[in-house]
Amino acid sequence: MTRTVLESKSKTVVIGFDEPFCVIGERINPTGRKKLAAELEMDDFSTVERDALEQVACGAMVLDVNSGAVFTNKMAEDPRYADNNFVEPALMKQLVERVQALVDVPLCIDSSVPGALENGLAAAEGRPLLNSVTGEEERLELVLPLVKKYDVPVVAISNDDTGISEDPDVRFAVAKKIVERAADFGIPAHDIVVDPLVMPIGAMATAGHQVFALVRRLREELGVNTTCGASNISFGLPNRHGVNAAFLPMAIGAGMTSAIMNPVRSQEMEAIHAANLLMNHDPNGGTWIGFTRILDAVRDGATFPDAAKAAAAASGAGRGGRRGGRRRA
């Protein structure tokens, strides 16, 4: 069975066909979050730190760390700040160091800037996930050498120089191309986590059916793990959390093994825990029973993050887990 191994300094997380669904927390991302970007411009990491702690308490097994900030005020004073290649490498290093000082889960280093990716890899303790490579030739030549150099797994997004195709067969072909090109660098398929690209169901009625079929093909024909931006499925719709909560167990049933998502949403997390139970990835239902106690506290008036933190403190969790660690490249 395919196993993609991620590590922090002290914890190992395995993404795999026979493993619990891997929740990758998406919140540490200033893209589209003007308040967070403004804080980071002022060297204020308080929201980042709160988001890191809350996401892990709520069930994130990995944290995505994205450095895509726009520093508007500094840009007006110094034109270099208009260039993400100038801003992101230094910011990524700071973000990684801050986050891993607080939590012990593995990280997902997320940027479109190669310098930021390398700075994040150099600063990360353990074996992070790299996010991401596409089928674009320039991106393949920039990112795959980093994947090989640092011996890390990578998210492979199924678009190429022609853009994002609405044809699932084209997206599968792009994923296959990335797996094959990675092999040329000596990168095994089990270190490729394919994002087949979830389209909004509100714009494309077949989006759900497409991604479920794609995930099955990726698992059966390429033997790779999969991920997605889970909330893309509900973009533009009312009651998005209801749609997301229905989508996630269906994707898990089709074979999807991880998602980049917001874990500070009890509805989606309840759906994932139930799916793990039904897929026999929760031995004796212990995790499900523990999670229902958190939901009981929420019904009694606690917020989901506060209830999750209290449960983690009561069980002695938070910085425990399988022990890991590795020699740095």
# chains A, B, ... in the order shown; residues from 1 in each chain; ligands from 1
>>> residues_around(residues="range 154-164 of chain A", least_positions_apart="4", cutoff="6 Å", atoms="only C-alpha atoms", output="VMD selection string")
chain A and resid 129 to 136 171 174 to 175 192 to 196
>>> write_last_selection(atoms="N, CA, C and O atoms", output="PDB file, in the first residue's frame")
ATOM      1  N   LEU A 129       5.861  18.374   3.746  1.00  0.00           N
ATOM      2  CA  LEU A 129       5.270  18.220   2.419  1.00  0.00           C
ATOM      3  C   LEU A 129       5.498  19.515   1.661  1.00  0.00           C
ATOM      4  O   LEU A 129       5.326  20.610   2.221  1.00  0.00           O
ATOM      5  N   LEU A 130       5.885  19.428   0.390  1.00  0.00           N
ATOM      6  CA  LEU A 130       6.132  20.620  -0.416  1.00  0.00           C
ATOM      7  C   LEU A 130       4.910  20.887  -1.296  1.00  0.00           C
ATOM      8  O   LEU A 130       4.418  19.997  -1.979  1.00  0.00           O
ATOM      9  N   ASN A 131       4.439  22.107  -1.281  1.00  0.00           N
ATOM     10  CA  ASN A 131       3.239  22.481  -2.023  1.00  0.00           C
ATOM     11  C   ASN A 131       3.549  23.717  -2.888  1.00  0.00           C
ATOM     12  O   ASN A 131       3.573  24.809  -2.368  1.00  0.00           O
ATOM     13  N   SER A 132       3.862  23.543  -4.190  1.00  0.00           N
ATOM     14  CA  SER A 132       3.496  22.387  -4.983  1.00  0.00           C
ATOM     15  C   SER A 132       4.268  22.422  -6.301  1.00  0.00           C
ATOM     16  O   SER A 132       4.978  23.385  -6.604  1.00  0.00           O
ATOM     17  N   VAL A 133       4.062  21.353  -7.104  1.00  0.00           N
ATOM     18  CA  VAL A 133       4.571  21.330  -8.470  1.00  0.00           C
ATOM     19  C   VAL A 133       3.381  21.137  -9.407  1.00  0.00           C
ATOM     20  O   VAL A 133       2.373  20.551  -9.018  1.00  0.00           O
ATOM     21  N   THR A 134       3.466  21.669 -10.612  1.00  0.00           N
ATOM     22  CA  THR A 134       2.449  21.461 -11.636  1.00  0.00           C
ATOM     23  C   THR A 134       3.098  20.760 -12.826  1.00  0.00           C
ATOM     24  O   THR A 134       4.289  20.464 -12.806  1.00  0.00           O
ATOM     25  N   GLY A 135       2.321  20.560 -13.869  1.00  0.00           N
ATOM     26  CA  GLY A 135       2.865  19.953 -15.075  1.00  0.00           C
ATOM     27  C   GLY A 135       3.517  20.951 -16.016  1.00  0.00           C
ATOM     28  O   GLY A 135       3.973  20.555 -17.100  1.00  0.00           O
ATOM     29  N   GLU A 136       3.606  22.210 -15.617  1.00  0.00           N
ATOM     30  CA  GLU A 136       4.282  23.217 -16.433  1.00  0.00           C
ATOM     31  C   GLU A 136       5.780  22.918 -16.454  1.00  0.00           C
ATOM     32  O   GLU A 136       6.385  22.663 -15.411  1.00  0.00           O
ATOM     33  N   ARG A 171      -6.645  16.005 -17.047  1.00  0.00           N
ATOM     34  CA  ARG A 171      -6.056  16.202 -15.719  1.00  0.00           C
ATOM     35  C   ARG A 171      -5.331  14.933 -15.254  1.00  0.00           C
ATOM     36  O   ARG A 171      -4.280  15.015 -14.621  1.00  0.00           O
ATOM     37  N   VAL A 174      -1.981  14.816 -17.037  1.00  0.00           N
ATOM     38  CA  VAL A 174      -1.003  15.734 -16.440  1.00  0.00           C
ATOM     39  C   VAL A 174      -0.406  15.111 -15.173  1.00  0.00           C
ATOM     40  O   VAL A 174       0.814  15.161 -14.949  1.00  0.00           O
ATOM     41  N   ALA A 175      -1.255  14.510 -14.340  1.00  0.00           N
ATOM     42  CA  ALA A 175      -0.754  13.853 -13.128  1.00  0.00           C
ATOM     43  C   ALA A 175       0.220  12.738 -13.483  1.00  0.00           C
ATOM     44  O   ALA A 175       1.281  12.592 -12.850  1.00  0.00           O
ATOM     45  N   ILE A 192       4.572  11.394  -4.223  1.00  0.00           N
ATOM     46  CA  ILE A 192       3.775  12.319  -5.009  1.00  0.00           C
ATOM     47  C   ILE A 192       2.344  12.262  -4.490  1.00  0.00           C
ATOM     48  O   ILE A 192       1.719  11.196  -4.479  1.00  0.00           O
ATOM     49  N   VAL A 193       1.811  13.386  -4.038  1.00  0.00           N
ATOM     50  CA  VAL A 193       0.428  13.482  -3.574  1.00  0.00           C
ATOM     51  C   VAL A 193      -0.312  14.344  -4.598  1.00  0.00           C
ATOM     52  O   VAL A 193      -0.086  15.554  -4.676  1.00  0.00           O
ATOM     53  N   VAL A 194      -1.160  13.714  -5.390  1.00  0.00           N
ATOM     54  CA  VAL A 194      -1.774  14.415  -6.521  1.00  0.00           C
ATOM     55  C   VAL A 194      -3.035  15.172  -6.094  1.00  0.00           C
ATOM     56  O   VAL A 194      -3.906  14.618  -5.408  1.00  0.00           O
ATOM     57  N   ASP A 195      -3.110  16.415  -6.522  1.00  0.00           N
ATOM     58  CA  ASP A 195      -4.323  17.219  -6.390  1.00  0.00           C
ATOM     59  C   ASP A 195      -5.006  17.212  -7.749  1.00  0.00           C
ATOM     60  O   ASP A 195      -4.547  17.866  -8.690  1.00  0.00           O
ATOM     61  N   PRO A 196      -6.108  16.459  -7.911  1.00  0.00           N
ATOM     62  CA  PRO A 196      -6.757  16.345  -9.214  1.00  0.00           C
ATOM     63  C   PRO A 196      -7.566  17.572  -9.601  1.00  0.00           C
ATOM     64  O   PRO A 196      -8.137  17.615 -10.689  1.00  0.00           O
TER      65      PRO A 196
END
>>> select_by_dssp(residues="range 132-321 of chain A", states="helix (DSSP H, G or I)", output="ChimeraX atom specification")
/A:137-150,168-184,189-191,207-222,230-234,240-254,266-278,283-299,304-315
>>> select_by_dssp(residues="range 175-325 of chain A", states="strand (DSSP E)", output="list in words")
Ile192, Val193, Val194, Asp195, Asn225, Thr226, Ser258, Ala259, Ile260 and Met261 of chain A
>>> closest_residue(among="A:Leu214, A:Leu140, A:Arg293, A:Ser10", to="Glu180 in chain A", atoms="only C-alpha atoms")
A:Leu140
>>> atom_distance(atom1="CA of Lys309 in chain A", atom2="CA of Glu54 in chain A")
7.4 Å
>>> residues_around(residues="Asp110 in chain A", least_positions_apart="5", cutoff="9 Å", atoms="only C-alpha atoms", output="PyMOL selection string")
chain A and resi 29+64-68+92+116-117+120+129-132
>>> atom_distance(atom1="CA of Ala205 in chain A", atom2="CA of Asn225 in chain A")
25.1 Å
>>> closest_residue(among="A:Cys22, A:Gly229, A:Glu220, A:Glu118", to="Ile252 in chain A", atoms="only C-alpha atoms")
A:Cys22
>>> closest_residue(among="A:Val99, A:Ala314, A:Val87, A:Leu63", to="Thr47 in chain A", atoms="only C-alpha atoms")
A:Val99
>>> atom_distance(atom1="CA of Phe17 in chain A", atom2="CA of Pro168 in chain A")
21.7 Å
>>> residues_around(residues="Ala245 in chain A", least_positions_apart="3", cutoff="12 Å", atoms="only C-alpha atoms", output="ChimeraX atom specification")
/A:230-231,233-234,239-242,248-252,261-263,265-275
>>> residues_around(residues="range 122-128 of chain A", least_positions_apart="6", cutoff="6 Å", atoms="only C-alpha atoms", output="CSV table (one decimal) with C-alpha atoms, in the first residue's frame")
chain,number,residue,atom,x,y,z
A,6,LEU,CA,5.7,13.2,6.8
A,7,GLU,CA,7.6,14.2,9.9
A,8,SER,CA,8.1,17.0,12.3
A,9,LYS,CA,11.0,17.0,14.8
A,106,PRO,CA,4.5,18.2,10.2
A,107,LEU,CA,4.3,21.2,7.9
A,108,CYS,CA,3.3,21.7,4.3
A,152,VAL,CA,10.5,15.3,0.7
A,325,GLY,CA,12.6,13.0,12.9
A,326,ARG,CA,15.2,12.7,10.3
>>> decode(residues="range 218-246 of chain A", atoms="N, CA, C and O atoms", output="PDB file, in the first residue's frame")
ATOM      1  N   LEU A 218      -6.427   7.590 -10.118  1.00  0.00           N
ATOM      2  CA  LEU A 218      -5.101   7.928  -9.589  1.00  0.00           C
ATOM      3  C   LEU A 218      -4.619   6.860  -8.617  1.00  0.00           C
ATOM      4  O   LEU A 218      -3.440   6.497  -8.608  1.00  0.00           O
ATOM      5  N   ARG A 219      -5.534   6.351  -7.824  1.00  0.00           N
ATOM      6  CA  ARG A 219      -5.178   5.309  -6.856  1.00  0.00           C
ATOM      7  C   ARG A 219      -4.885   3.982  -7.554  1.00  0.00           C
ATOM      8  O   ARG A 219      -3.882   3.327  -7.285  1.00  0.00           O
ATOM      9  N   GLU A 220      -5.756   3.593  -8.462  1.00  0.00           N
ATOM     10  CA  GLU A 220      -5.644   2.273  -9.073  1.00  0.00           C
ATOM     11  C   GLU A 220      -4.563   2.201 -10.151  1.00  0.00           C
ATOM     12  O   GLU A 220      -3.855   1.193 -10.263  1.00  0.00           O
ATOM     13  N   GLU A 221      -4.424   3.267 -10.963  1.00  0.00           N
ATOM     14  CA  GLU A 221      -3.503   3.221 -12.098  1.00  0.00           C
ATOM     15  C   GLU A 221      -2.121   3.791 -11.786  1.00  0.00           C
ATOM     16  O   GLU A 221      -1.122   3.307 -12.325  1.00  0.00           O
ATOM     17  N   LEU A 222      -2.048   4.811 -10.944  1.00  0.00           N
ATOM     18  CA  LEU A 222      -0.749   5.416 -10.623  1.00  0.00           C
ATOM     19  C   LEU A 222      -0.271   5.059  -9.216  1.00  0.00           C
ATOM     20  O   LEU A 222       0.908   5.228  -8.904  1.00  0.00           O
ATOM     21  N   GLY A 223      -1.162   4.590  -8.362  1.00  0.00           N
ATOM     22  CA  GLY A 223      -0.772   4.197  -7.012  1.00  0.00           C
ATOM     23  C   GLY A 223      -0.338   5.349  -6.140  1.00  0.00           C
ATOM     24  O   GLY A 223       0.525   5.188  -5.272  1.00  0.00           O
ATOM     25  N   VAL A 224      -0.950   6.531  -6.339  1.00  0.00           N
ATOM     26  CA  VAL A 224      -0.532   7.713  -5.583  1.00  0.00           C
ATOM     27  C   VAL A 224      -1.610   8.122  -4.585  1.00  0.00           C
ATOM     28  O   VAL A 224      -2.793   7.841  -4.757  1.00  0.00           O
ATOM     29  N   ASN A 225      -1.165   8.806  -3.542  1.00  0.00           N
ATOM     30  CA  ASN A 225      -2.083   9.459  -2.623  1.00  0.00           C
ATOM     31  C   ASN A 225      -2.621  10.733  -3.268  1.00  0.00           C
ATOM     32  O   ASN A 225      -2.052  11.257  -4.228  1.00  0.00           O
ATOM     33  N   THR A 226      -3.721  11.226  -2.702  1.00  0.00           N
ATOM     34  CA  THR A 226      -4.389  12.385  -3.286  1.00  0.00           C
ATOM     35  C   THR A 226      -4.764  13.404  -2.224  1.00  0.00           C
ATOM     36  O   THR A 226      -4.898  13.081  -1.042  1.00  0.00           O
ATOM     37  N   THR A 227      -4.946  14.637  -2.684  1.00  0.00           N
ATOM     38  CA  THR A 227      -5.383  15.716  -1.811  1.00  0.00           C
ATOM     39  C   THR A 227      -6.213  16.679  -2.643  1.00  0.00           C
ATOM     40  O   THR A 227      -6.369  16.512  -3.852  1.00  0.00           O
ATOM     41  N   CYS A 228      -6.756  17.700  -1.997  1.00  0.00           N
ATOM     42  CA  CYS A 228      -7.506  18.725  -2.725  1.00  0.00           C
ATOM     43  C   CYS A 228      -7.711  19.916  -1.814  1.00  0.00           C
ATOM     44  O   CYS A 228      -7.529  19.825  -0.600  1.00  0.00           O
ATOM     45  N   GLY A 229      -8.099  21.040  -2.407  1.00  0.00           N
ATOM     46  CA  GLY A 229      -8.619  22.165  -1.643  1.00  0.00           C
ATOM     47  C   GLY A 229     -10.105  21.902  -1.451  1.00  0.00           C
ATOM     48  O   GLY A 229     -10.903  22.151  -2.351  1.00  0.00           O
ATOM     49  N   ALA A 230     -10.480  21.351  -0.294  1.00  0.00           N
ATOM     50  CA  ALA A 230     -11.829  20.793  -0.127  1.00  0.00           C
ATOM     51  C   ALA A 230     -12.930  21.822  -0.332  1.00  0.00           C
ATOM     52  O   ALA A 230     -13.993  21.509  -0.874  1.00  0.00           O
ATOM     53  N   SER A 231     -12.705  23.065   0.080  1.00  0.00           N
ATOM     54  CA  SER A 231     -13.782  24.052   0.007  1.00  0.00           C
ATOM     55  C   SER A 231     -14.051  24.534  -1.417  1.00  0.00           C
ATOM     56  O   SER A 231     -15.048  25.215  -1.655  1.00  0.00           O
ATOM     57  N   ASN A 232     -13.178  24.193  -2.370  1.00  0.00           N
ATOM     58  CA  ASN A 232     -13.439  24.586  -3.759  1.00  0.00           C
ATOM     59  C   ASN A 232     -14.767  24.034  -4.261  1.00  0.00           C
ATOM     60  O   ASN A 232     -15.432  24.657  -5.090  1.00  0.00           O
ATOM     61  N   ILE A 233     -15.158  22.862  -3.776  1.00  0.00           N
ATOM     62  CA  ILE A 233     -16.372  22.215  -4.272  1.00  0.00           C
ATOM     63  C   ILE A 233     -17.601  23.083  -4.035  1.00  0.00           C
ATOM     64  O   ILE A 233     -18.555  23.063  -4.818  1.00  0.00           O
ATOM     65  N   SER A 234     -17.604  23.868  -2.959  1.00  0.00           N
ATOM     66  CA  SER A 234     -18.800  24.633  -2.578  1.00  0.00           C
ATOM     67  C   SER A 234     -18.710  26.110  -2.937  1.00  0.00           C
ATOM     68  O   SER A 234     -19.605  26.886  -2.581  1.00  0.00           O
ATOM     69  N   PHE A 235     -17.674  26.512  -3.652  1.00  0.00           N
ATOM     70  CA  PHE A 235     -17.460  27.935  -3.943  1.00  0.00           C
ATOM     71  C   PHE A 235     -18.701  28.543  -4.608  1.00  0.00           C
ATOM     72  O   PHE A 235     -19.247  27.992  -5.561  1.00  0.00           O
ATOM     73  N   GLY A 236     -19.149  29.679  -4.067  1.00  0.00           N
ATOM     74  CA  GLY A 236     -20.270  30.405  -4.638  1.00  0.00           C
ATOM     75  C   GLY A 236     -21.639  29.932  -4.189  1.00  0.00           C
ATOM     76  O   GLY A 236     -22.653  30.504  -4.603  1.00  0.00           O
ATOM     77  N   LEU A 237     -21.699  28.894  -3.345  1.00  0.00           N
ATOM     78  CA  LEU A 237     -22.980  28.350  -2.917  1.00  0.00           C
ATOM     79  C   LEU A 237     -23.332  28.795  -1.499  1.00  0.00           C
ATOM     80  O   LEU A 237     -22.440  29.083  -0.685  1.00  0.00           O
ATOM     81  N   PRO A 238     -24.632  28.832  -1.155  1.00  0.00           N
ATOM     82  CA  PRO A 238     -25.014  29.033   0.248  1.00  0.00           C
ATOM     83  C   PRO A 238     -24.755  27.754   1.040  1.00  0.00           C
ATOM     84  O   PRO A 238     -24.605  26.673   0.464  1.00  0.00           O
ATOM     85  N   ASN A 239     -24.719  27.897   2.351  1.00  0.00           N
ATOM     86  CA  ASN A 239     -24.505  26.753   3.255  1.00  0.00           C
ATOM     87  C   ASN A 239     -23.332  25.900   2.793  1.00  0.00           C
ATOM     88  O   ASN A 239     -23.429  24.678   2.635  1.00  0.00           O
ATOM     89  N   ARG A 240     -22.186  26.553   2.597  1.00  0.00           N
ATOM     90  CA  ARG A 240     -21.014  25.867   2.065  1.00  0.00           C
ATOM     91  C   ARG A 240     -20.561  24.712   2.951  1.00  0.00           C
ATOM     92  O   ARG A 240     -20.081  23.689   2.451  1.00  0.00           O
ATOM     93  N   HIS A 241     -20.692  24.871   4.265  1.00  0.00           N
ATOM     94  CA  HIS A 241     -20.192  23.829   5.169  1.00  0.00           C
ATOM     95  C   HIS A 241     -20.991  22.546   5.016  1.00  0.00           C
ATOM     96  O   HIS A 241     -20.448  21.440   5.141  1.00  0.00           O
ATOM     97  N   GLY A 242     -22.279  22.667   4.713  1.00  0.00           N
ATOM     98  CA  GLY A 242     -23.083  21.479   4.467  1.00  0.00           C
ATOM     99  C   GLY A 242     -22.623  20.731   3.226  1.00  0.00           C
ATOM    100  O   GLY A 242     -22.530  19.492   3.221  1.00  0.00           O
ATOM    101  N   VAL A 243     -22.315  21.488   2.166  1.00  0.00           N
ATOM    102  CA  VAL A 243     -21.820  20.855   0.940  1.00  0.00           C
ATOM    103  C   VAL A 243     -20.460  20.209   1.185  1.00  0.00           C
ATOM    104  O   VAL A 243     -20.210  19.063   0.785  1.00  0.00           O
ATOM    105  N   ASN A 244     -19.576  20.940   1.872  1.00  0.00           N
ATOM    106  CA  ASN A 244     -18.248  20.386   2.166  1.00  0.00           C
ATOM    107  C   ASN A 244     -18.349  19.107   2.998  1.00  0.00           C
ATOM    108  O   ASN A 244     -17.617  18.136   2.764  1.00  0.00           O
ATOM    109  N   ALA A 245     -19.256  19.134   3.977  1.00  0.00           N
ATOM    110  CA  ALA A 245     -19.396  17.988   4.873  1.00  0.00           C
ATOM    111  C   ALA A 245     -19.959  16.767   4.149  1.00  0.00           C
ATOM    112  O   ALA A 245     -19.708  15.628   4.561  1.00  0.00           O
ATOM    113  N   ALA A 246     -20.712  16.982   3.079  1.00  0.00           N
ATOM    114  CA  ALA A 246     -21.174  15.853   2.269  1.00  0.00           C
ATOM    115  C   ALA A 246     -20.085  15.373   1.314  1.00  0.00           C
ATOM    116  O   ALA A 246     -19.918  14.169   1.087  1.00  0.00           O
TER     117      ALA A 246
END
